[in-house]
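A.B. asks: Got a structure for you, query18.cif, holding mmCIF, C-alpha atoms and all ligand atoms.
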```cif
data_my_file
loop_
_atom_site.group_PDB
_atom_site.id
_atom_site.type_symbol
_atom_site.label_atom_id
_atom_site.label_comp_id
_atom_site.auth_asym_id
_atom_site.auth_seq_id
_atom_site.Cartn_x
_atom_site.Cartn_y
_atom_site.Cartn_z
ATOM 1 C CA MET A 6 77.503 -2.915 55.945
ATOM 2 C CA SER A 7 78.911 0.607 56.217
ATOM 3 C CA ASP A 8 80.036 1.790 59.644
ATOM 4 C CA ALA A 9 79.811 5.439 58.578
ATOM 5 C CA PRO A 10 77.894 7.472 61.194
ATOM 6 C CA LYS A 11 74.362 8.217 60.040
ATOM 7 C CA VAL A 12 73.312 11.846 60.285
ATOM 8 C CA PHE A 13 69.595 12.537 59.963
ATOM 9 C CA CYS A 14 68.979 16.006 58.508
ATOM 10 C CA LEU A 15 65.872 18.095 59.161
ATOM 11 C CA ILE A 16 65.038 21.240 57.223
ATOM 12 C CA GLY A 17 62.604 23.952 58.270
ATOM 13 C CA SER A 18 61.663 25.389 54.900
ATOM 14 C CA MET A 19 60.072 23.971 51.766
ATOM 15 C CA THR A 20 61.155 26.729 49.372
ATOM 16 C CA PRO A 21 62.395 25.012 46.195
ATOM 17 C CA ASN A 22 66.083 25.893 45.730
ATOM 18 C CA GLY A 23 65.721 28.215 48.721
ATOM 19 C CA ASN A 24 68.463 29.361 51.049
ATOM 20 C CA GLY A 25 67.933 26.460 53.425
ATOM 21 C CA ALA A 26 67.955 23.904 50.600
ATOM 22 C CA LYS A 27 71.203 25.302 49.221
ATOM 23 C CA LEU A 28 72.847 25.368 52.638
ATOM 24 C CA MET A 29 71.670 21.838 53.384
ATOM 25 C CA ASP A 30 73.108 20.577 50.056
ATOM 26 C CA LEU A 31 76.526 21.971 50.990
ATOM 27 C CA ALA A 32 76.371 20.571 54.519
ATOM 28 C CA ILE A 33 75.298 17.111 53.313
ATOM 29 C CA ALA A 34 78.218 17.042 50.853
ATOM 30 C CA ALA A 35 80.552 18.107 53.667
ATOM 31 C CA ILE A 36 79.254 15.363 55.998
ATOM 32 C CA GLU A 37 79.807 12.770 53.284
ATOM 33 C CA ASN A 38 83.321 14.099 52.613
ATOM 34 C CA ALA A 39 83.964 13.794 56.345
ATOM 35 C CA GLY A 40 83.047 10.084 56.238
ATOM 36 C CA GLY A 41 79.431 10.275 57.404
ATOM 37 C CA GLU A 42 76.191 9.234 55.736
ATOM 38 C CA ALA A 43 73.695 12.078 55.584
ATOM 39 C CA GLU A 44 69.993 11.616 54.886
ATOM 40 C CA LEU A 45 67.606 14.530 54.563
ATOM 41 C CA TRP A 46 63.968 13.936 55.514
ATOM 42 C CA PRO A 47 62.110 14.928 52.292
ATOM 43 C CA ILE A 48 59.526 17.097 54.009
ATOM 44 C CA ARG A 49 57.945 18.324 50.748
ATOM 45 C CA GLU A 50 57.260 14.771 49.585
ATOM 46 C CA LYS A 51 56.698 13.106 52.948
ATOM 47 C CA ARG A 52 54.714 15.634 54.919
ATOM 48 C CA LEU A 53 54.030 15.138 58.580
ATOM 49 C CA PRO A 54 50.689 15.976 60.186
ATOM 50 C CA PHE A 55 50.705 18.487 63.005
ATOM 51 C CA PHE A 56 51.621 16.756 66.236
ATOM 52 C CA GLY A 57 48.535 15.158 67.751
ATOM 53 C CA GLU A 58 46.422 15.462 64.611
ATOM 54 C CA THR A 59 46.570 11.681 64.272
ATOM 55 C CA TRP A 60 48.548 8.871 65.891
ATOM 56 C CA GLU A 61 48.485 6.634 62.825
ATOM 57 C CA ASP A 62 50.513 8.047 59.991
ATOM 58 C CA ALA A 63 52.972 6.107 57.822
ATOM 59 C CA ASN A 64 55.226 9.121 57.267
ATOM 60 C CA VAL A 65 55.460 9.782 60.996
ATOM 61 C CA ALA A 66 56.310 6.131 61.656
ATOM 62 C CA GLU A 67 59.085 6.183 59.040
ATOM 63 C CA PHE A 68 60.346 9.569 60.251
ATOM 64 C CA LYS A 69 60.589 8.396 63.864
ATOM 65 C CA SER A 70 62.275 5.171 62.876
ATOM 66 C CA LYS A 71 64.929 6.948 60.787
ATOM 67 C CA ALA A 72 65.578 9.371 63.637
ATOM 68 C CA LEU A 73 65.916 6.468 66.084
ATOM 69 C CA GLU A 74 68.420 4.669 63.842
ATOM 70 C CA SER A 75 70.554 7.766 63.314
ATOM 71 C CA ASP A 76 73.822 8.471 65.130
ATOM 72 C CA GLY A 77 73.433 12.259 64.984
ATOM 73 C CA PHE A 78 71.369 15.141 63.642
ATOM 74 C CA LEU A 79 71.731 18.244 61.519
ATOM 75 C CA LEU A 80 69.014 20.899 61.708
ATOM 76 C CA CYS A 81 68.556 23.878 59.400
ATOM 77 C CA SER A 82 65.885 26.519 59.960
ATOM 78 C CA PRO A 83 65.025 29.815 58.361
ATOM 79 C CA GLU A 84 64.597 32.535 60.941
ATOM 80 C CA TYR A 85 60.892 33.426 61.063
ATOM 81 C CA HIS A 86 59.903 36.335 63.299
ATOM 82 C CA GLY A 87 63.014 35.937 65.396
ATOM 83 C CA THR A 88 62.794 32.172 65.922
ATOM 84 C CA ILE A 89 62.686 28.812 64.157
ATOM 85 C CA SER A 90 60.002 27.932 61.626
ATOM 86 C CA GLY A 91 56.859 26.049 62.590
ATOM 87 C CA LEU A 92 57.744 23.458 59.968
ATOM 88 C CA LEU A 93 60.942 22.540 61.824
ATOM 89 C CA LYS A 94 59.311 22.722 65.254
ATOM 90 C CA ASN A 95 56.598 20.301 64.183
ATOM 91 C CA GLN A 96 59.252 17.813 63.056
ATOM 92 C CA LEU A 97 60.990 18.159 66.442
ATOM 93 C CA ASP A 98 57.671 17.733 68.244
ATOM 94 C CA TRP A 99 57.242 14.244 66.749
ATOM 95 C CA LEU A 100 60.609 13.219 68.267
ATOM 96 C CA GLY A 101 61.915 13.150 71.814
ATOM 97 C CA PHE A 102 64.370 11.560 74.238
ATOM 98 C CA ASP A 103 64.202 8.171 72.492
ATOM 99 C CA GLN A 104 65.582 9.581 69.271
ATOM 100 C CA PHE A 105 67.839 12.379 70.551
ATOM 101 C CA SER A 106 69.212 11.518 73.955
ATOM 102 C CA GLY A 107 73.016 11.257 74.048
ATOM 103 C CA LYS A 108 73.438 11.940 70.316
ATOM 104 C CA PRO A 109 75.326 14.851 68.784
ATOM 105 C CA ALA A 110 73.566 17.510 66.745
ATOM 106 C CA ALA A 111 74.558 20.563 64.728
ATOM 107 C CA VAL A 112 72.471 23.614 63.860
ATOM 108 C CA MET A 113 72.315 26.014 60.915
ATOM 109 C CA SER A 114 70.053 28.932 60.043
ATOM 110 C CA THR A 115 69.407 31.332 57.204
ATOM 111 C CA LEU A 116 68.133 34.862 57.676
ATOM 112 C CA GLY A 117 66.825 37.506 55.326
ATOM 113 C CA GLY A 118 68.130 40.322 57.491
ATOM 114 C CA GLN A 119 71.066 41.157 59.709
ATOM 115 C CA PRO A 120 73.105 38.471 61.490
ATOM 116 C CA ASN A 121 71.781 37.173 64.799
ATOM 117 C CA SER A 122 71.728 33.847 66.607
ATOM 118 C CA ASN A 123 68.064 33.620 67.617
ATOM 119 C CA ALA A 124 67.057 30.595 65.551
ATOM 120 C CA LEU A 125 70.389 28.895 66.278
ATOM 121 C CA ASN A 126 69.941 29.389 70.009
ATOM 122 C CA HIS A 127 66.316 28.279 69.913
ATOM 123 C CA MET A 128 67.325 25.049 68.127
ATOM 124 C CA ARG A 129 70.027 24.575 70.789
ATOM 125 C CA LEU A 130 67.439 25.049 73.527
ATOM 126 C CA SER A 131 65.000 22.492 72.100
ATOM 127 C CA LEU A 132 67.808 20.007 71.477
ATOM 128 C CA ARG A 133 69.116 20.436 75.014
ATOM 129 C CA TRP A 134 65.606 19.727 76.287
ATOM 130 C CA VAL A 135 65.676 16.297 74.655
ATOM 131 C CA HIS A 136 69.254 15.678 75.853
ATOM 132 C CA ALA A 137 70.987 15.921 72.485
ATOM 133 C CA LEU A 138 74.581 17.145 72.612
ATOM 134 C CA VAL A 139 74.818 20.162 70.362
ATOM 135 C CA ILE A 140 78.320 20.748 69.016
ATOM 136 C CA GLN A 141 79.946 24.163 69.294
ATOM 137 C CA GLU A 142 80.218 24.813 65.567
ATOM 138 C CA GLN A 143 77.174 26.403 63.933
ATOM 139 C CA ILE A 144 76.346 28.183 60.699
ATOM 140 C CA GLY A 145 74.226 31.312 60.329
ATOM 141 C CA ILE A 146 73.819 32.951 56.938
ATOM 142 C CA ALA A 147 72.455 36.496 57.063
ATOM 143 C CA SER A 148 71.163 38.453 54.019
ATOM 144 C CA ALA A 149 70.870 34.954 52.667
ATOM 145 C CA LYS A 150 69.495 35.714 49.218
ATOM 146 C CA HIS A 151 72.737 37.552 48.421
ATOM 147 C CA ALA A 152 75.017 34.786 49.731
ATOM 148 C CA TRP A 153 75.118 32.538 46.661
ATOM 149 C CA ASN A 154 76.854 32.222 43.342
ATOM 150 C CA ASP A 155 74.745 31.017 40.401
ATOM 151 C CA ASP A 156 76.108 27.476 40.784
ATOM 152 C CA GLY A 157 74.839 27.243 44.395
ATOM 153 C CA SER A 158 78.264 27.739 45.965
ATOM 154 C CA LEU A 159 78.760 30.359 48.660
ATOM 155 C CA LYS A 160 80.295 33.706 47.750
ATOM 156 C CA ASP A 161 82.154 33.749 51.061
ATOM 157 C CA GLU A 162 84.678 30.896 51.030
ATOM 158 C CA LYS A 163 85.189 31.240 54.781
ATOM 159 C CA VAL A 164 81.593 30.151 55.367
ATOM 160 C CA GLN A 165 82.193 27.102 53.167
ATOM 161 C CA GLU A 166 85.248 26.301 55.321
ATOM 162 C CA ARG A 167 83.133 26.650 58.453
ATOM 163 C CA ILE A 168 80.570 24.205 57.043
ATOM 164 C CA GLU A 169 83.357 21.703 56.375
ATOM 165 C CA LYS A 170 84.752 22.104 59.906
ATOM 166 C CA MET A 171 81.297 21.701 61.411
ATOM 167 C CA ALA A 172 80.765 18.498 59.382
ATOM 168 C CA VAL A 173 84.106 17.022 60.497
ATOM 169 C CA SER A 174 83.299 17.841 64.112
ATOM 170 C CA LEU A 175 79.783 16.351 63.884
ATOM 171 C CA VAL A 176 80.980 13.094 62.294
ATOM 172 C CA ASP A 177 83.816 12.870 64.830
ATOM 173 C CA MET A 178 81.365 13.322 67.729
ATOM 174 C CA CYS A 179 79.079 10.636 66.270
ATOM 175 C CA ARG A 180 82.025 8.216 66.255
ATOM 176 C CA ARG A 181 83.102 9.129 69.794
ATOM 177 C CA LEU A 182 79.611 8.656 71.198
ATOM 178 C CA GLU A 183 78.819 5.404 69.375
HETATM 179 C C1 LIG A 201 57.237 34.569 57.850
HETATM 180 C C2 LIG A 201 58.660 35.011 57.689
HETATM 181 C C3 LIG A 201 59.311 35.581 58.753
HETATM 182 C C4 LIG A 201 60.649 35.985 58.637
HETATM 183 N N1 LIG A 201 61.281 36.519 59.721
HETATM 184 C C5 LIG A 201 62.584 36.893 59.628
HETATM 185 C C6 LIG A 201 63.270 37.401 60.758
HETATM 186 O O1 LIG A 201 62.724 37.511 61.843
HETATM 187 N N2 LIG A 201 64.565 37.776 60.603
HETATM 188 C C7 LIG A 201 65.213 37.666 59.403
HETATM 189 O O2 LIG A 201 66.391 38.012 59.321
HETATM 190 N N3 LIG A 201 64.589 37.137 58.308
HETATM 191 C C8 LIG A 201 63.298 36.744 58.400
HETATM 192 N N4 LIG A 201 62.658 36.186 57.313
HETATM 193 C C9 LIG A 201 63.448 35.885 56.106
HETATM 194 C C10 LIG A 201 63.876 34.401 56.069
HETATM 195 O O3 LIG A 201 64.486 34.004 57.294
HETATM 196 C C11 LIG A 201 64.909 34.145 54.959
HETATM 197 O O4 LIG A 201 64.453 34.635 53.739
HETATM 198 C C12 LIG A 201 65.249 32.649 54.878
HETATM 199 O O5 LIG A 201 66.544 32.531 54.328
HETATM 200 C C13 LIG A 201 64.252 31.876 54.029
HETATM 201 O O6 LIG A 201 64.713 30.543 53.863
HETATM 202 P P1 LIG A 201 64.290 29.663 52.593
HETATM 203 O O7 LIG A 201 64.817 30.337 51.354
HETATM 204 O O8 LIG A 201 64.936 28.318 52.845
HETATM 205 O O9 LIG A 201 62.789 29.562 52.602
HETATM 206 C C14 LIG A 201 61.338 35.808 57.410
HETATM 207 C C15 LIG A 201 60.647 35.240 56.322
HETATM 208 C C16 LIG A 201 59.332 34.846 56.459
HETATM 209 C C17 LIG A 201 58.615 34.203 55.276
#
```
Starting from the file, lay out its structure as structure tokens.
C.D. replies:
Amino acid sequence: MSDAPKVFCLIGSMTPNGNGAKLMDLAIAAIENAGGEAELWPIREKRLPFFGETWEDANVAEFKSKALESDGFLLCSPEYHGTISGLLKNQLDWLGFDQFSGKPAAVMSTLGGQPNSNALNHMRLSLRWVHALVIQEQIGIASAKHAWNDDGSLKDEKVQERIEKMAVSLVDMCRRLE
């Protein structure tokens, strides 16, 4: 059995080949290069009801179990009206101390407009509330639709380097806190 730290990845947008999906692909590759195992919850295929809509849902049960088994988390949200998306918040609302407490997490956001840290800070706030340990490194991609080459790589190589550093730091923190 692999002892690679398991990172559970949550994405806050469903846009096919969208900015969040592209960023998540790069971050997952970076986590695996850093020696971790990354698994993205496939929110398009395995939708979650709104919190409280029902207490008996197979997707929710699987989602909570994967989060519980994970050693760390990676969140990626689009910025919507200056904050995180409802899609991401609903995923967080199904989880709590049991799944997050004492585990490291990293945050990323994509924005259509000018750079700011609203969604990043709001993810940090929610994660702090459930006693996750959010690492210092974070990724924010502004003017996101202009950020990509046709092959899905980032135009700005420095951002790619930052993703790789964040992934190394996240995997390292998972190992330290095991
Ligand atoms: C409802 C809505 C609200 C948005 N609000 C903001 C915003 O407040 N600031 C901003 O920079 N971009 C905003 N955007 C743009 C998105 O953050 C941006 O396009 C994001 O990268 C979309 O991610 P996706 O391609 O993964 O869906 C908004 C987009 C939508 C649909």
A.B. asks: Show me the residues around (61.8, 15.4, 70.8) - criterion: an atom at most 12 Å away, all atoms listed in the file counted - as a list in words.
C.D. replies: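 The distance filter leaves exactly Phe56, Lys69, Ala72, Leu73, Phe78, Leu93, Lys94, Asn95, Gln96, Leu97, Asp98, Trp99, Leu100, Gly101, Phe102, Asp103, Gln104, Phe105, Ser106, Met128, Leu130, Ser131, Leu132, Arg133, Trp134, Val135, His136 and Ala137 of chain A.
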A.B. asks: Which residue, A:Ala110, A:Ala147, A:Ala34, A:Ala63, has the smallest gap to ligand LIG 201 (chain A) when you use all atoms listed in the file?
C.D. replies: A:Ala147
A.B. asks: List all protein, DNA and RNA residues that have any atom at most 7 Å from ligand LIG 201 (chain A), counting all atoms listed in the file, and write the list as a list in words.
C.D. replies: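 What falls inside 7 Å of ligand LIG 201 (chain A) is Ser18, Met19, Thr20, Gly23, Asn24, Gly25, Ala26, Pro83, Glu84, Tyr85, His86, Gly87, Thr88, Thr115, Leu116, Gly117, Gly118, Gln119, Ala147, Ala149 and Lys150 of chain A.
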A.B. asks: I'd like a table as a tab-separated table: residues in range 38-113 of chain A with an atom no more than 10 Å from range 27-32 of chain A, each row giving the shortest atom pair and its distance in Å to one decimal, all atoms listed in the file counted, sorted by chain and rising residue number.
C.D. replies:
```
residue	atom	partner	partner_atom	distance
A:Asn38	CA	A:Ala32	CA	9.7
A:Ala43	CA	A:Ala32	CA	9.0
A:Leu45	CA	A:Met29	CA	8.4
A:Leu79	CA	A:Ala32	CA	8.7
A:Leu80	CA	A:Met29	CA	8.8
A:Cys81	CA	A:Met29	CA	7.1
A:Ser82	CA	A:Met29	CA	9.9
A:Met113	CA	A:Leu28	CA	8.3
```
A.B. asks: Distance CA of Ile144 in chain A-CA of Glu169 in chain A, one decimal place?
C.D. replies: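 Those two atoms sit 10.5 Å apart.
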